[in-house]
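Q: Structure below; questions to follow.
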Amino acid sequence: MNAKASLEPIAAQKPGKIAAERGFPRTTSLRSRLFFWIKILLTVSVLGLLVITIKPREIIAAFQGSYYPLVFVSFILVIPNLGLRALKWGYVLRQVKPTASVREILNSLLVGFTFAVVTPGQLGEFGRAFFIAGRPRLELIGVSFIDKFFNLLPIILGGSIGLLFLPGLVLDGNTYLFMGCCVLVALLWTFFIVLLLSPRWVRDLLYAINVMLPYREKIKVLLSGLDPIRVKQSLTLACLGIAHYAIVICQYFLVVQSFQQVNLFDAFRATSATLFVKAALPISIGGLGVGETASVGFFRLFEVGRAAAFNSSALLFSMNVLLPALVGFLILLKLRIAPENSDA
């Protein structure tokens, strides 16, 4: 049988059948694209409805009447904001790859922003693992999970406090309800403090559970990023995450203050609650729409205008997410996917 004859049966098969036999069913890609466009539609719908409700004239008038120096100071804080993100990512990455260069850390971080801006919950930032050479891809994705956990940690802890002390929700309600919520928040804080102080116990528990799971070898590689994480590393990452969170709170306060007067404690309560809801509801692209809706709802409790709250959330998104994503896109045009083998 010649080569031409041997290829004929393969050529006669439908592309979908070949893809399915190789483990890449067409339905997977179609489903992914469908979910992506659903998220796009949801984001545009929520934003559009919010803009129509507030009225574009109010939004434009709020921008025109803002105090620009405060917006500029908030914009300058993007530098320490990104600096802390890079420092934290570099610290956790060098636990598994001590030779990681500053350029490799920054490039992967900014490219991660580019992928994150078009995915719900910013899950696309795990794509940074594809631009770091010399380590198993699954291990780097696991390290990205660790970095994201320490991003979410202060949002969860700060948001629980902010929600607890919002006026008209729990604080001014039934005393027993308030005390019950205080107990729940205390338990939540205790749980996360135990996690911070017991990283080896968490690692051993996850490895023990993994023994009972399928694909245990791949999951083991994914969990291997936890191996070098001890109490020192855990507390260092937590401190960097909290410092980054504090800068975001400060940025939000300055931007809101540029539109309308609000005291720092009220701004913290509304901002922490907004960030918490935005992280808890990753149903839109980049959190757009959800963050703005939450910002309008929570700041309204402190008599901040809808347009001011909407503009503040939109500006913070542009500064802290969209701008780094655009820089990451320019970097992405020059990068190639890094090989897992450092000798390749």
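Identifiers in this document derive from the order of the structure tokens: chains are assigned A, B, ..., residues are numbered from 1 separately in each chain, and ligands are numbered from 1 in order of occurrence.
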Excluding A:Asn151 and residues on its chain fewer than 5 positions from it, collect all residues at most 10 Å away from it, counting only C-alpha atoms, and give them as a PDB file with C-alpha atoms, in the first residue's frame.
A:
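Here's the written file selection04.pdb:
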ATOM      1  CA  ARG A  85       1.687  43.522  42.277  1.00  0.00           C
ATOM      2  CA  LYS A  88       4.347  39.992  45.122  1.00  0.00           C
ATOM      3  CA  PHE A 145      -3.350  30.559  41.991  1.00  0.00           C
ATOM      4  CA  ILE A 146      -1.295  31.337  45.103  1.00  0.00           C
ATOM      5  CA  ILE A 156     -12.612  39.149  51.420  1.00  0.00           C
ATOM      6  CA  LEU A 237       2.643  37.659  50.606  1.00  0.00           C
ATOM      7  CA  ALA A 238      -0.233  38.652  52.894  1.00  0.00           C
ATOM      8  CA  LEU A 240       2.138  42.745  50.155  1.00  0.00           C
ATOM      9  CA  GLY A 241      -1.483  41.948  49.315  1.00  0.00           C
ATOM     10  CA  ILE A 242      -2.800  44.152  52.133  1.00  0.00           C
ATOM     11  CA  HIS A 244      -1.831  46.766  47.505  1.00  0.00           C
ATOM     12  CA  TYR A 245      -5.423  46.708  48.798  1.00  0.00           C
TER      13      TYR A 245
END
Q: Measuring atom to atom with only C-alpha atoms, identify which of A:Val221, A:Leu196, A:Leu77, A:Leu140 is nearest to A:Arg94.
A: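 So, comparing all the options, the nearest one is A:Leu140.
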Q: Between A:Trp189, A:Leu138, A:Ile249, A:Gly328, which has the minimum distance to A:Asp266 (counting only C-alpha atoms)?
A: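 Going through A:Trp189, A:Leu138, A:Ile249, A:Gly328 one by one, the smallest distance to A:Asp266 is for A:Ile249.
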Q: Using only C-alpha atoms, determine which residues lie at most 12 Å from A:Leu330, disregarding the query and same-chain residues fewer than 5 positions distant; provide the list as a list in words.
A: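 Residues meeting the cut-off are Asn107, Leu110, Val111, Phe113, Thr114, Leu323, Pro324, Ala325 and Leu335 of chain A.
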Q: Pull N, CA and C atoms from the residues just selected and write them as a PDB file, in the first residue's frame.
A:
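Full text of out03.pdb as output:
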ATOM      1  N   ASN A 107       6.963  41.226  32.338  1.00  0.00           N
ATOM      2  CA  ASN A 107       6.284  40.851  31.093  1.00  0.00           C
ATOM      3  C   ASN A 107       5.116  39.906  31.351  1.00  0.00           C
ATOM      4  N   LEU A 110       2.145  41.783  33.146  1.00  0.00           N
ATOM      5  CA  LEU A 110       1.376  42.688  32.286  1.00  0.00           C
ATOM      6  C   LEU A 110       0.585  41.924  31.226  1.00  0.00           C
ATOM      7  N   VAL A 111       1.177  40.850  30.695  1.00  0.00           N
ATOM      8  CA  VAL A 111       0.445  40.016  29.744  1.00  0.00           C
ATOM      9  C   VAL A 111      -0.743  39.358  30.447  1.00  0.00           C
ATOM     10  N   PHE A 113      -2.508  40.744  32.737  1.00  0.00           N
ATOM     11  CA  PHE A 113      -3.547  41.770  32.760  1.00  0.00           C
ATOM     12  C   PHE A 113      -4.332  41.770  31.446  1.00  0.00           C
ATOM     13  N   THR A 114      -3.625  41.580  30.344  1.00  0.00           N
ATOM     14  CA  THR A 114      -4.282  41.585  29.032  1.00  0.00           C
ATOM     15  C   THR A 114      -5.292  40.454  28.926  1.00  0.00           C
ATOM     16  N   LEU A 323      -5.424  50.137  31.577  1.00  0.00           N
ATOM     17  CA  LEU A 323      -4.124  50.685  31.187  1.00  0.00           C
ATOM     18  C   LEU A 323      -3.018  49.624  31.215  1.00  0.00           C
ATOM     19  N   PRO A 324      -2.850  48.857  32.320  1.00  0.00           N
ATOM     20  CA  PRO A 324      -1.840  47.782  32.297  1.00  0.00           C
ATOM     21  C   PRO A 324      -2.134  46.738  31.214  1.00  0.00           C
ATOM     22  N   ALA A 325      -3.429  46.485  30.932  1.00  0.00           N
ATOM     23  CA  ALA A 325      -3.778  45.507  29.899  1.00  0.00           C
ATOM     24  C   ALA A 325      -3.335  45.985  28.524  1.00  0.00           C
ATOM     25  N   LEU A 335       6.154  38.846  22.230  1.00  0.00           N
ATOM     26  CA  LEU A 335       6.507  37.647  22.981  1.00  0.00           C
ATOM     27  C   LEU A 335       6.074  36.380  22.259  1.00  0.00           C
TER      28      LEU A 335
END
Q: For atom CA of A:Asn320 and atom CA of A:Glu104, quote the distance in Å rounded to one decimal.
A: 20.4 Å
Q: Env of A:Leu197: 8 Å cut, atoms = only C-alpha atoms, seq-sep filter 2 positions within chain, self excluded. Answer as a short mmCIF file (atom, residue, chain, number, x, y, z; two decimals) with C-alpha atoms, in the first residue's frame.
A:
data_model
loop_
_atom_site.label_atom_id
_atom_site.label_comp_id
_atom_site.auth_asym_id
_atom_site.auth_seq_id
_atom_site.Cartn_x
_atom_site.Cartn_y
_atom_site.Cartn_z
CA ILE A 193 -5.67 33.55 59.74
CA VAL A 194 -5.33 29.80 60.38
CA LEU A 195 -4.67 29.31 56.64
CA PRO A 199 0.50 26.72 54.93
CA VAL A 231 4.80 30.78 57.41
CA SER A 234 2.73 33.30 53.64
CA LEU A 235 2.94 36.36 55.91
#
Q: Find the residues near stretch 222-230 of chain A: any atom within 9 Å, counting only C-alpha atoms, skip ones fewer than 4 places away on the same chain, and give them as a PyMOL selection string.
A: chain A and resi 92-93+95-96+136-144+146+196-200+202-203+206-207+217-218+234-235
Q: If you run DSSP on the backbone here, which positions in stretch 96-176 of chain A get helix (DSSP H, G or I)? Please write them as an MDAnalysis selection string.
A: chainID A and resid 102:116 123:131 137:164 175:176
Q: So which one's closest to A:Thr274, A:Gly305, A:Gly180, A:Pro167, A:Gly158? Using only C-alpha atoms, please.
A: A:Gly158
Q: Which of these residues is nearest to A:Leu332, using only C-alpha atoms: A:Ser108, A:Ser318, A:Ala308, A:Phe75?
A: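 Closest to A:Leu332 of all the choices is A:Ser108.
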